[in-house]
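*Asks:* Just one file: start-v6.txt, with compact mmCIF, C-alpha atoms and all ligand atoms.
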```
# COMPACT_ATOMS: atom_id res chain seq x y z
CA MET Q 1 -38.47 3.26 21.23
CA PHE Q 2 -36.91 6.40 22.74
CA THR Q 3 -35.68 9.18 20.49
CA CYS Q 4 -33.37 10.78 23.08
CA ASP Q 5 -31.51 9.48 26.13
CA ASN Q 6 -33.31 11.91 28.46
CA LEU Q 7 -36.38 9.60 28.20
CA GLY Q 8 -36.82 6.47 30.31
CA VAL Q 9 -39.23 4.32 32.31
CA ASN Q 10 -39.26 3.91 36.10
CA GLY Q 11 -40.39 1.04 38.35
CA ALA Q 12 -43.95 2.37 38.46
CA GLY Q 13 -44.20 1.99 34.68
CA HIS Q 14 -44.16 5.77 34.27
CA LEU Q 15 -42.29 7.68 31.60
CA THR Q 16 -39.36 9.63 33.00
CA PHE Q 17 -37.97 12.78 31.41
CA ALA Q 18 -34.67 14.31 32.53
CA GLY Q 19 -34.75 11.65 35.25
CA GLN Q 20 -38.10 12.79 36.67
CA ASP Q 21 -41.46 10.99 36.82
CA THR Q 22 -43.72 12.66 34.26
CA ALA Q 23 -46.91 11.47 36.00
CA ALA Q 24 -45.76 13.18 39.20
CA LEU Q 25 -44.96 16.36 37.25
CA ALA Q 26 -48.42 16.28 35.62
CA ALA Q 27 -50.00 15.87 39.06
CA GLU Q 28 -48.04 18.80 40.45
CA TYR Q 29 -48.26 21.30 37.58
CA GLY Q 30 -51.39 20.16 35.69
CA THR Q 31 -51.80 19.56 31.97
CA PRO Q 32 -51.26 20.51 29.22
CA LEU Q 33 -47.70 21.05 30.35
CA TYR Q 34 -44.50 21.90 28.53
CA LEU Q 35 -41.45 20.34 30.16
CA MET Q 36 -37.95 21.43 29.21
CA ASP Q 37 -34.75 19.62 30.13
CA GLU Q 38 -32.35 22.43 31.00
CA ASP Q 39 -29.35 20.11 31.23
CA ARG Q 40 -29.99 18.87 27.70
CA ILE Q 41 -30.26 22.47 26.41
CA ARG Q 42 -26.89 23.31 27.97
CA GLN Q 43 -25.36 20.11 26.59
CA CYS Q 44 -26.53 21.01 23.07
CA CYS Q 45 -25.13 24.56 23.40
CA ARG Q 46 -21.78 23.15 24.54
CA THR Q 47 -21.58 20.76 21.62
CA TYR Q 48 -21.80 23.73 19.23
CA LEU Q 49 -19.53 25.98 21.30
CA ARG Q 50 -16.81 23.37 21.67
CA ALA Q 51 -16.83 22.19 18.07
CA MET Q 52 -16.89 25.71 16.66
CA ARG Q 53 -14.07 26.82 18.93
CA GLU Q 54 -12.04 23.80 17.87
CA HIS Q 55 -12.59 23.99 14.13
CA PHE Q 56 -13.28 27.60 13.13
CA PRO Q 57 -11.21 30.82 13.31
CA ALA Q 58 -11.43 33.23 16.26
CA GLY Q 59 -14.68 35.21 16.33
CA SER Q 60 -16.73 32.23 15.16
CA ALA Q 61 -19.80 31.49 17.27
CA PRO Q 62 -23.14 29.70 17.44
CA LEU Q 63 -26.17 32.00 17.60
CA TYR Q 64 -29.27 30.45 19.14
CA ALA Q 65 -32.27 31.10 16.88
CA GLY Q 66 -34.87 32.20 19.42
CA LYS Q 67 -37.77 31.69 17.05
CA ALA Q 68 -37.51 27.98 17.96
CA CYS Q 69 -38.44 28.82 21.55
CA ALA Q 70 -38.08 32.10 23.42
CA PHE Q 71 -38.71 32.99 27.05
CA GLY Q 72 -36.72 34.85 29.67
CA GLN Q 73 -35.06 31.93 31.45
CA LEU Q 74 -34.01 30.42 28.14
CA TYR Q 75 -32.18 33.64 27.19
CA ARG Q 76 -30.56 33.55 30.64
CA ILE Q 77 -29.29 30.04 29.88
CA MET Q 78 -27.96 31.23 26.49
CA SER Q 79 -26.19 34.10 28.19
CA GLU Q 80 -24.64 31.81 30.83
CA GLU Q 81 -23.46 29.38 28.15
CA GLY Q 82 -21.89 32.16 26.07
CA MET Q 83 -24.14 31.70 23.04
CA GLY Q 84 -24.97 34.53 20.66
CA ILE Q 85 -28.59 34.85 19.56
CA ASP Q 86 -30.58 35.41 16.40
CA VAL Q 87 -33.64 37.58 16.97
CA VAL Q 88 -36.47 38.32 14.56
CA SER Q 89 -38.71 40.83 16.32
CA CYS Q 90 -38.87 43.56 18.94
CA GLY Q 91 -40.62 40.97 21.12
CA GLU Q 92 -37.63 38.66 21.06
CA ILE Q 93 -35.24 41.60 21.59
CA HIS Q 94 -37.30 42.78 24.55
CA THR Q 95 -37.49 39.30 26.08
CA ALA Q 96 -33.74 38.79 25.74
CA ALA Q 97 -32.93 42.27 27.11
CA ARG Q 98 -35.23 41.77 30.09
CA ALA Q 99 -33.43 38.49 30.85
CA GLY Q 100 -30.11 40.37 30.93
CA PHE Q 101 -28.80 39.05 27.62
CA ASP Q 102 -26.07 41.29 26.14
CA LEU Q 103 -27.59 42.36 22.83
CA ALA Q 104 -24.18 43.16 21.37
CA ASN Q 105 -24.20 39.39 20.71
CA ALA Q 106 -27.54 39.49 18.90
CA TYR Q 107 -28.18 39.40 15.14
CA PHE Q 108 -31.45 40.90 13.97
CA HIS Q 109 -33.11 38.94 11.15
CA GLY Q 110 -36.30 39.34 9.17
CA ASN Q 111 -37.43 40.14 5.64
CA CYS Q 112 -39.71 43.02 6.62
CA LYS Q 113 -38.27 45.10 9.43
CA THR Q 114 -40.23 48.32 9.94
CA ASP Q 115 -38.57 51.69 10.63
CA ALA Q 116 -39.79 51.30 14.21
CA ASP Q 117 -38.14 47.84 14.46
CA ILE Q 118 -34.86 49.25 13.16
CA ALA Q 119 -34.91 52.19 15.58
CA TYR Q 120 -35.84 49.94 18.51
CA ALA Q 121 -33.03 47.48 17.76
CA MET Q 122 -30.49 50.33 17.52
CA ASP Q 123 -31.80 51.79 20.80
CA ARG Q 124 -31.19 48.45 22.46
CA GLY Q 125 -27.71 48.11 20.96
CA VAL Q 126 -28.36 45.01 18.85
CA GLY Q 127 -24.93 43.98 17.51
CA ALA Q 128 -25.72 43.35 13.87
CA PHE Q 129 -28.56 43.43 11.37
CA VAL Q 130 -29.00 40.66 8.84
CA VAL Q 131 -30.30 42.66 5.90
CA ASP Q 132 -32.73 41.16 3.45
CA GLY Q 133 -32.66 43.77 0.67
CA ALA Q 134 -31.99 47.31 -0.56
CA GLU Q 135 -34.92 49.10 1.09
CA GLU Q 136 -33.90 47.82 4.49
CA LEU Q 137 -30.29 48.77 3.88
CA ASP Q 138 -31.30 52.35 3.09
CA ALA Q 139 -33.54 52.53 6.14
CA ILE Q 140 -30.65 51.33 8.32
CA GLU Q 141 -28.31 53.89 6.75
CA ALA Q 142 -30.81 56.68 7.46
CA GLU Q 143 -31.39 55.62 11.07
CA ALA Q 144 -27.66 55.11 11.75
CA GLU Q 145 -26.84 58.50 10.22
CA LYS Q 146 -29.36 60.16 12.54
CA ARG Q 147 -27.52 58.60 15.45
CA GLY Q 148 -24.05 59.23 14.10
CA ILE Q 149 -23.12 55.54 14.28
CA ARG Q 150 -21.94 52.85 11.87
CA GLN Q 151 -24.22 49.83 12.09
CA ALA Q 152 -22.72 46.40 11.47
CA VAL Q 153 -24.70 44.37 8.94
CA LEU Q 154 -24.60 41.05 7.16
CA LEU Q 155 -26.37 40.70 3.83
CA ARG Q 156 -28.67 37.72 3.53
CA LEU Q 157 -28.12 35.93 0.25
CA THR Q 158 -29.75 32.91 -1.38
CA PRO Q 159 -27.11 30.52 -2.64
CA GLY Q 160 -29.61 28.60 -4.79
CA ILE Q 161 -29.67 25.34 -2.88
CA ASP Q 162 -32.70 23.10 -2.67
CA THR Q 163 -32.67 21.11 0.58
CA HIS Q 164 -35.58 18.88 -0.45
CA THR Q 165 -37.19 19.35 2.92
CA TYR Q 166 -40.77 20.54 3.32
CA GLU Q 167 -41.51 23.55 1.06
CA ALA Q 168 -42.25 25.94 3.93
CA VAL Q 169 -38.89 25.32 5.61
CA ASN Q 170 -36.83 25.29 2.40
CA THR Q 171 -35.36 28.78 2.25
CA GLY Q 172 -32.12 28.69 0.28
CA LYS Q 173 -33.63 28.56 -3.20
CA VAL Q 174 -33.32 31.44 -5.68
CA ASP Q 175 -37.10 32.10 -5.63
CA SER Q 176 -37.29 32.34 -1.82
CA LYS Q 177 -39.04 35.28 -0.15
CA PHE Q 178 -35.85 35.69 1.90
CA GLY Q 179 -32.60 37.31 0.87
CA SER Q 180 -30.98 38.41 -2.38
CA ALA Q 181 -30.07 35.87 -5.02
CA ILE Q 182 -26.48 35.31 -6.09
CA GLU Q 183 -27.59 33.76 -9.38
CA THR Q 184 -29.54 36.82 -10.58
CA GLY Q 185 -26.77 39.31 -9.78
CA GLN Q 186 -28.94 41.00 -7.13
CA ALA Q 187 -26.58 39.91 -4.36
CA GLU Q 188 -23.67 41.68 -6.02
CA THR Q 189 -25.70 44.82 -6.70
CA LEU Q 190 -26.76 44.94 -3.07
CA THR Q 191 -23.16 44.42 -1.92
CA ALA Q 192 -21.88 47.21 -4.15
CA HIS Q 193 -24.59 49.48 -2.76
CA ALA Q 194 -23.78 48.57 0.86
CA LEU Q 195 -20.14 49.46 0.26
CA THR Q 196 -21.13 53.02 -0.74
CA LEU Q 197 -22.99 53.69 2.53
CA ARG Q 198 -21.15 55.63 5.23
CA HIS Q 199 -23.18 54.49 8.23
CA VAL Q 200 -23.30 50.83 7.32
CA ASP Q 201 -20.40 48.58 8.23
CA LEU Q 202 -20.63 45.54 5.99
CA ALA Q 203 -19.31 42.73 8.18
CA GLY Q 204 -20.08 39.88 5.82
CA PHE Q 205 -22.77 37.61 4.43
CA HIS Q 206 -25.47 35.26 5.59
CA CYS Q 207 -27.46 32.39 4.16
CA HIS Q 208 -29.97 29.98 5.66
CA ILE Q 209 -30.78 27.02 3.50
CA GLY Q 210 -33.63 25.37 5.39
CA SER Q 211 -34.65 23.48 8.47
CA GLN Q 212 -34.77 19.88 9.67
CA VAL Q 213 -31.90 19.20 7.25
CA PHE Q 214 -30.21 15.79 7.25
CA ALA Q 215 -28.85 15.79 3.69
CA GLU Q 216 -25.16 14.93 3.54
CA ASP Q 217 -23.40 17.98 2.24
CA VAL Q 218 -25.77 20.95 1.89
CA PHE Q 219 -23.89 23.11 4.41
CA GLU Q 220 -20.61 22.38 2.65
CA ARG Q 221 -22.18 23.25 -0.72
CA ALA Q 222 -23.68 26.44 0.70
CA ALA Q 223 -20.31 27.41 2.22
CA ALA Q 224 -18.53 26.82 -1.09
CA ILE Q 225 -21.05 28.94 -3.05
CA MET Q 226 -20.92 31.74 -0.47
CA LEU Q 227 -17.11 31.72 -0.41
CA GLU Q 228 -16.99 31.86 -4.21
CA PHE Q 229 -19.24 34.90 -4.00
CA ILE Q 230 -17.00 36.43 -1.34
CA ALA Q 231 -13.96 35.82 -3.53
CA SER Q 232 -15.60 37.44 -6.56
CA VAL Q 233 -16.64 40.47 -4.48
CA ARG Q 234 -13.06 40.70 -3.25
CA LYS Q 235 -11.80 40.73 -6.82
CA GLU Q 236 -14.41 43.16 -8.19
CA HIS Q 237 -14.77 45.52 -5.26
CA GLY Q 238 -11.66 45.03 -3.11
CA TYR Q 239 -13.86 44.15 -0.13
CA THR Q 240 -13.05 41.11 2.05
CA ALA Q 241 -15.86 39.72 4.20
CA ARG Q 242 -14.94 39.21 7.86
CA ARG Q 243 -17.88 36.97 8.77
CA LEU Q 244 -19.83 34.23 7.04
CA ASP Q 245 -23.06 33.12 8.67
CA LEU Q 246 -24.29 29.75 7.39
CA GLY Q 247 -27.63 29.86 9.20
CA GLY Q 248 -29.39 27.10 11.10
CA GLY Q 249 -31.17 23.96 10.09
CA TYR Q 250 -29.60 20.80 11.47
CA GLY Q 251 -32.27 18.13 11.85
CA VAL Q 252 -33.38 16.38 15.03
CA ARG Q 253 -34.87 13.01 15.78
CA TYR Q 254 -38.66 13.13 16.13
CA VAL Q 255 -39.28 9.42 15.58
CA ALA Q 256 -37.10 6.38 16.07
CA ASP Q 257 -36.37 5.99 12.36
CA ASP Q 258 -35.04 9.56 11.98
CA PRO Q 259 -31.24 9.55 11.87
CA VAL Q 260 -29.14 10.86 14.75
CA LEU Q 261 -26.90 13.72 13.62
CA ASP Q 262 -23.45 14.01 15.14
CA ILE Q 263 -23.34 17.81 15.27
CA ALA Q 264 -19.66 17.97 16.25
CA ALA Q 265 -18.73 15.78 13.27
CA LYS Q 266 -20.95 17.87 10.97
CA ILE Q 267 -19.20 21.04 12.12
CA ALA Q 268 -15.81 19.46 11.47
CA ASP Q 269 -16.96 18.61 7.91
CA VAL Q 270 -18.15 22.17 7.29
CA ALA Q 271 -14.86 23.52 8.66
CA LYS Q 272 -12.93 21.36 6.23
CA ALA Q 273 -15.08 22.57 3.31
CA VAL Q 274 -14.49 26.19 4.39
CA LYS Q 275 -10.71 25.67 4.68
CA ASP Q 276 -10.51 23.91 1.31
CA ALA Q 277 -12.58 26.57 -0.45
CA CYS Q 278 -10.57 29.41 1.10
CA ALA Q 279 -7.30 27.77 0.08
CA ARG Q 280 -8.59 27.21 -3.45
CA LEU Q 281 -9.87 30.79 -3.74
CA ASP Q 282 -6.84 32.32 -2.00
CA LEU Q 283 -9.15 33.91 0.56
CA PRO Q 284 -8.53 34.66 4.25
CA GLU Q 285 -10.87 32.47 6.31
CA PRO Q 286 -13.84 34.46 7.63
CA ALA Q 287 -15.23 33.90 11.12
CA ILE Q 288 -18.10 31.42 10.83
CA LEU Q 289 -21.49 31.83 12.47
CA LEU Q 290 -24.14 29.11 12.75
CA GLU Q 291 -27.72 29.67 13.90
CA PRO Q 292 -29.08 26.48 15.45
CA GLY Q 293 -32.61 26.66 16.80
CA ARG Q 294 -34.29 23.28 16.62
CA SER Q 295 -31.13 21.29 17.37
CA ILE Q 296 -30.60 23.22 20.62
CA VAL Q 297 -34.07 22.84 22.14
CA ALA Q 298 -36.21 20.27 20.29
CA ASP Q 299 -35.37 17.09 22.18
CA ALA Q 300 -35.07 19.08 25.41
CA GLY Q 301 -38.86 19.49 25.26
CA LEU Q 302 -41.78 17.20 25.99
CA THR Q 303 -45.49 18.01 26.27
CA LEU Q 304 -47.80 16.22 28.68
CA TYR Q 305 -51.55 15.99 28.14
CA THR Q 306 -54.47 14.31 29.88
CA VAL Q 307 -56.73 12.06 27.82
CA GLY Q 308 -60.32 13.33 27.77
CA ALA Q 309 -61.93 10.77 25.47
CA VAL Q 310 -61.18 7.59 23.56
CA LYS Q 311 -63.43 7.03 20.56
CA HIS Q 312 -63.56 3.79 18.54
CA ILE Q 313 -65.44 3.95 15.26
CA PRO Q 314 -65.92 0.25 14.38
CA GLY Q 315 -64.56 -0.60 10.94
CA TYR Q 316 -62.93 2.84 10.69
CA LYS Q 317 -60.53 4.23 13.23
CA SER Q 318 -59.87 5.19 16.81
CA TYR Q 319 -59.26 8.60 18.30
CA VAL Q 320 -57.55 9.57 21.54
CA ALA Q 321 -58.52 13.16 22.41
CA ILE Q 322 -56.27 15.19 24.69
CA ASP Q 323 -56.65 18.43 26.64
CA GLY Q 324 -54.41 20.45 24.28
CA GLY Q 325 -53.80 20.38 20.54
CA MET Q 326 -53.03 22.72 17.67
CA ALA Q 327 -53.14 25.74 19.99
CA ASP Q 328 -50.03 24.49 21.82
CA ASN Q 329 -48.57 22.43 18.94
CA PRO Q 330 -49.65 23.45 15.43
CA ARG Q 331 -46.88 21.55 13.65
CA TYR Q 332 -48.82 18.55 12.40
CA ALA Q 333 -51.57 20.85 11.13
CA LEU Q 334 -48.95 23.06 9.43
CA TYR Q 335 -46.42 20.58 8.08
CA ARG Q 336 -47.60 17.06 8.89
CA SER Q 337 -44.67 16.89 11.30
CA ARG Q 338 -43.97 13.53 12.84
CA TYR Q 339 -43.89 12.96 16.59
CA THR Q 340 -43.45 10.11 19.03
CA CYS Q 341 -46.50 9.81 21.33
CA LEU Q 342 -46.41 7.67 24.49
CA CYS Q 343 -48.90 6.83 27.24
CA ALA Q 344 -46.83 8.25 30.08
CA ASN Q 345 -48.52 6.33 32.90
CA ARG Q 346 -48.80 2.96 31.09
CA MET Q 347 -45.29 2.47 29.78
CA ALA Q 348 -45.18 -1.18 30.86
CA GLU Q 349 -48.18 -2.09 28.68
CA ALA Q 350 -48.08 -3.23 25.05
CA ASN Q 351 -49.10 -0.60 22.50
CA GLU Q 352 -51.86 -2.43 20.63
CA LEU Q 353 -54.29 0.37 19.78
CA VAL Q 354 -53.57 2.19 16.51
CA CYS Q 355 -55.18 5.61 16.75
CA SER Q 356 -55.03 9.29 15.94
CA VAL Q 357 -54.06 11.57 18.79
CA VAL Q 358 -56.26 14.63 18.35
CA GLY Q 359 -56.62 17.94 20.13
CA ARG Q 360 -59.60 19.67 21.69
CA CYS Q 361 -59.88 22.52 19.20
CA CYS Q 362 -62.95 22.98 17.01
CA GLU Q 363 -61.12 22.06 13.82
CA SER Q 364 -60.89 18.68 12.08
CA GLY Q 365 -57.26 19.43 11.26
CA ASP Q 366 -56.46 19.66 14.96
CA ILE Q 367 -54.35 16.52 14.97
CA ILE Q 368 -51.13 15.90 16.89
CA GLN Q 369 -50.29 12.66 15.10
CA GLU Q 370 -51.92 9.84 13.12
CA GLY Q 371 -51.07 6.14 13.13
CA VAL Q 372 -49.94 6.23 16.76
CA SER Q 373 -49.73 2.99 18.78
CA LEU Q 374 -50.93 3.29 22.38
CA PRO Q 375 -52.02 0.77 25.05
CA GLY Q 376 -55.39 -0.89 24.34
CA GLY Q 377 -56.64 0.07 27.80
CA ILE Q 378 -55.99 3.80 27.41
CA ARG Q 379 -58.87 5.84 28.78
CA ARG Q 380 -59.96 9.22 30.13
CA GLY Q 381 -57.54 10.41 32.80
CA ASP Q 382 -54.46 8.74 31.33
CA LEU Q 383 -51.46 10.81 30.27
CA VAL Q 384 -50.15 11.24 26.75
CA ALA Q 385 -46.60 12.49 26.30
CA VAL Q 386 -45.56 14.00 22.98
CA CYS Q 387 -41.78 13.93 22.71
CA THR Q 388 -39.38 16.38 21.05
CA THR Q 389 -41.66 19.41 21.37
CA GLY Q 390 -39.02 21.90 22.56
CA ALA Q 391 -38.80 23.68 19.19
CA TYR Q 392 -41.60 25.52 17.37
CA ASN Q 393 -44.31 24.52 19.86
CA TYR Q 394 -44.42 27.15 22.62
CA SER Q 395 -43.10 29.74 20.15
CA MET Q 396 -45.91 28.94 17.70
CA ALA Q 397 -48.63 28.50 20.35
CA SER Q 398 -51.81 30.54 20.10
CA ASN Q 399 -54.93 31.18 22.14
CA TYR Q 400 -57.13 29.59 19.48
CA ASN Q 401 -60.54 28.75 20.99
CA ARG Q 402 -59.55 31.06 23.87
CA LEU Q 403 -57.35 28.35 25.33
CA PRO Q 404 -54.76 29.58 27.84
CA ARG Q 405 -51.19 28.65 26.92
CA PRO Q 406 -49.56 25.94 29.07
CA PRO Q 407 -46.75 26.74 31.50
CA ILE Q 408 -43.13 25.79 30.90
CA VAL Q 409 -41.43 23.84 33.69
CA LEU Q 410 -37.63 23.61 33.50
CA LEU Q 411 -36.05 20.39 34.76
CA SER Q 412 -32.46 20.32 35.94
CA GLY Q 413 -30.45 18.02 38.21
CA GLY Q 414 -33.58 16.31 39.56
CA LYS Q 415 -35.29 19.62 40.36
CA ALA Q 416 -38.21 21.33 38.64
CA ARG Q 417 -39.09 25.01 38.47
CA VAL Q 418 -41.73 27.00 36.63
CA ALA Q 419 -40.08 29.23 34.01
CA VAL Q 420 -43.27 30.48 32.34
CA ALA Q 421 -46.52 30.52 34.32
CA ARG Q 422 -49.72 28.97 33.02
CA GLU Q 423 -51.91 31.61 31.40
CA SER Q 424 -55.04 32.31 33.39
CA LEU Q 425 -58.52 33.09 32.11
CA ASP Q 426 -57.93 36.68 33.21
CA ASP Q 427 -54.75 36.78 31.13
CA LEU Q 428 -56.96 35.99 28.15
CA THR Q 429 -59.19 39.01 28.77
CA ARG Q 430 -56.49 41.36 30.05
CA LEU Q 431 -56.36 43.37 26.81
CA ASP Q 432 -60.11 43.42 26.17
CA LEU Q 433 -61.30 47.01 26.60
C1 LIG A 501 -35.36 29.28 11.29
C2 LIG A 501 -34.05 29.90 11.17
C3 LIG A 501 -32.98 29.42 11.93
C4 LIG A 501 -33.09 28.22 12.84
O1 LIG A 501 -33.36 27.08 12.12
P1 LIG A 501 -33.40 25.65 12.87
O2 LIG A 501 -33.86 24.73 11.81
O3 LIG A 501 -34.36 25.77 13.98
O4 LIG A 501 -32.02 25.37 13.33
C5 LIG A 501 -31.77 30.06 11.81
N1 LIG A 501 -31.61 31.14 11.00
C6 LIG A 501 -32.62 31.63 10.27
C7 LIG A 501 -32.38 32.81 9.42
C8 LIG A 501 -33.86 31.03 10.32
O5 LIG A 501 -34.86 31.51 9.58
```
Mind turning the file's structure into structure tokens?
*Replies:*
Amino acid sequence: MFTCDNLGVNGAGHLTFAGQDTAALAAEYGTPLYLMDEDRIRQCCRTYLRAMREHFPAGSAPLYAGKACAFGQLYRIMSEEGMGIDVVSCGEIHTAARAGFDLANAYFHGNCKTDADIAYAMDRGVGAFVVDGAEELDAIEAEAEKRGIRQAVLLRLTPGIDTHTYEAVNTGKVDSKFGSAIETGQAETLTAHALTLRHVDLAGFHCHIGSQVFAEDVFERAAAIMLEFIASVRKEHGYTARRLDLGGGYGVRYVADDPVLDIAAKIADVAKAVKDACARLDLPEPAILLEPGRSIVADAGLTLYTVGAVKHIPGYKSYVAIDGGMADNPRYALYRSRYTCLCANRMAEANELVCSVVGRCCESGDIIQEGVSLPGGIRRGDLVAVCTTGAYNYSMASNYNRLPRPPIVLLSGGKARVAVARESLDDLTRLDL
């Protein structure tokens, strides 16, 4: 029934998370409530750090993709663990900087960085830019020239791989809005252009093929295509890439029938593909970067809600309405994402009611999950836990319907502490003039 070993049941029949009673946490902090298991986050970081250190050349590193979930204390954890980060906005840069994260270890992504974004990132000393296309490259050159610096960049390329995941998270195809395609020759043109610029230090290349990826060998295929490109650039232009960033995307277990990925084994497989390709192409091995987001934080998160209403429509269906919804978790509305939902205070009871768990927003599409099994006696005041919400929930949360965003409580070693406060009604009107 449980998708991760940080979930359990105690003697009171309550769901436990990171060893703590979720009903007690709901009573103390209120609902809706984001819980995050700090020990699990650190464990996931260490899996990447260890495996990459073991299998890849010096200079290789995992970069946590903050778009999955970003707040000050999380960047502090990344800094303590020795992770690099991938940032996509001035907001993420600012949050990381404020938390004391050394931005020399940050890579700035995005397909539409403004001049102001570029200047801000250089002001803050962001280590490298991941460049999407020629206009951005020229803007970086101009800004770096003004400052008399050479800015390290990676060029984002599309290797032409279809991951067969959901369309919106499938980014490695030739017709993607991201990056420059190898197949069309645009990647080579961009590379040749980068090599003519005096204030741009081309450090290497980047690709990101998709998200929630389980498919056997897509990272190996992406690595092989990228290394073939690197070898051809070496031959044509005499330039040897120092770094190859293979992006993020490893899948996590949302429901019991999702597979469990052995990340360390996956990294070993990718390392072997990189070694083989480099040997075949007579290429020095570049440092490898990976950008895990979801697989660092997803199963470290759980959201708790209070049931407000249970509606049975005879001959049709049943609804369990909760005190949150698409404002704190838009993923079912966006992608039909699957989740495991549990009645956190009735874990000893049989789940005999098939229902839809729906939110409180004024929108029929405000659904957390359909076809959920919950105890027949579930009623107003009970607790619903939605598991594996650590990625792309808080970071995608909105104030739709003028709902304040829930707090984030970090759990570690049997202790709990608030890492992000609950928004107040005054927070909602703070910017109204
Ligand atoms: C989304 C994204 C990631 C993180 O992907 P996950 O699936 O969360 O691991 C990494 N790199 C880039 C460029 C991305 O767009």
*Asks:* Considering all atoms listed in the file, can you say which of Q:Pro286, Q:Gly19, Q:Pro404, Q:Gly30 comes closest to Leu7 of chain Q?
*Replies:*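 The closest residue to Leu7 of chain Q is Q:Gly19.
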*Asks:* Kindly provide, as a PyMOL selection string, all nucleotide and amino acid residues lying within 10 Å of ligand LIG 501 (chain A), counting all atoms listed in the file.
*Replies:* chain Q and resi 63-69+85-88+107-111+130+156+169-171+178-179+206-213+245-252+290-298+391-392
*Asks:* For Glu370 of chain Q, which residue among Q:Asn6, Q:Thr114, Q:Thr196, Q:Ser356 is the nearest when counting all atoms listed in the file?
*Replies:*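 Of Q:Asn6, Q:Thr114, Q:Thr196, Q:Ser356, the one nearest Glu370 of chain Q, counting all atoms listed in the file, is Q:Ser356.
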*Asks:* Using only C-alpha atoms, which of Q:Met396, Q:Leu428, Q:Val409, Q:Ile267 sits nearest Phe56 of chain Q?
*Replies:*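 Among the listed residues, the smallest separation from Phe56 of chain Q belongs to Q:Ile267.
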*Asks:* Which residue out of Q:Pro32, Q:Gly301, Q:Pro375, Q:Gly72 has the minimum interatomic distance to Gly100 of chain Q when all atoms listed in the file are used?
*Replies:*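 Smallest separation from Gly100 of chain Q among the options: Q:Gly72.
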*Asks:* Would you mind listing what lies within 7 Å of Val307 of chain Q as a VMD selection string, with only C-alpha atoms counted and same-chain residues fewer than 4 positions away left out?
*Replies:* chain Q and resid 320 to 323 379 to 384
*Asks:* Let's have the selection written as a short mmCIF file (atom, residue, chain, number, x, y, z; two decimals), in the frame of the given file, with C-alpha atoms.
*Replies:*
```cif
data_model
loop_
_atom_site.label_atom_id
_atom_site.label_comp_id
_atom_site.auth_asym_id
_atom_site.auth_seq_id
_atom_site.Cartn_x
_atom_site.Cartn_y
_atom_site.Cartn_z
CA VAL Q 320 -57.55 9.57 21.54
CA ALA Q 321 -58.52 13.16 22.41
CA ILE Q 322 -56.27 15.19 24.69
CA ASP Q 323 -56.65 18.43 26.64
CA ARG Q 379 -58.87 5.84 28.78
CA ARG Q 380 -59.96 9.22 30.13
CA GLY Q 381 -57.54 10.41 32.80
CA ASP Q 382 -54.46 8.74 31.33
CA LEU Q 383 -51.46 10.81 30.27
CA VAL Q 384 -50.15 11.24 26.75
#
```
*Asks:* Counting all atoms listed in the file, what is within 12 Å of Gly324 of chain Q, bar same-chain residues fewer than 5 positions away, as a PyMOL selection string?
*Replies:* chain Q and resi 30-34+303-308+329-330+357-362+366-368+383-386+393+397-406
*Asks:* Go through Q:His14, Q:Ala222, Q:Val418, Q:Pro62 one by one, measure the shortest atom-to-atom distance of each to Glu28 of chain Q using all atoms listed in the file, and give the residue with the smallest value.
*Replies:* Q:Val418
*Asks:* Which residues are near Cys355 of chain Q? Cut-off 9 Å, only C-alpha atoms, ignore same chain within fewer than 6 positions. Put them as a PyMOL selection string.
*Replies:* chain Q and resi 312+317-320+369-374
*Asks:* Can you pull out the residues contacting Lys275 of chain Q? Cut-off 10 Å, using all atoms listed in the file, and skip same-chain residues under 3 positions away; I want them as a list in words.
*Replies:*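 Here the answer would be His55, Phe56, Ala224, Asp269, Val270, Ala271, Lys272, Cys278, Ala279, Arg280, Leu281, Leu283, Pro284, Glu285 and Pro286 of chain Q.
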*Asks:* Skip Gly204 of chain Q itself and residues of its chain fewer than 4 positions away, then list as a PyMOL selection string all residues within 12 Å of it, counting all atoms listed in the file.
*Replies:* chain Q and resi 128-131+152-157+191+194-195+200+226-227+229-231+233-234+239-246+285-289
*Asks:* Between Q:Ile225, Q:Ala419, Q:Ala300, Q:Leu342, single out the one closest to Val274 of chain Q, counting only C-alpha atoms.
*Replies:*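 Closest residue, counting only C-alpha atoms: Q:Ile225.
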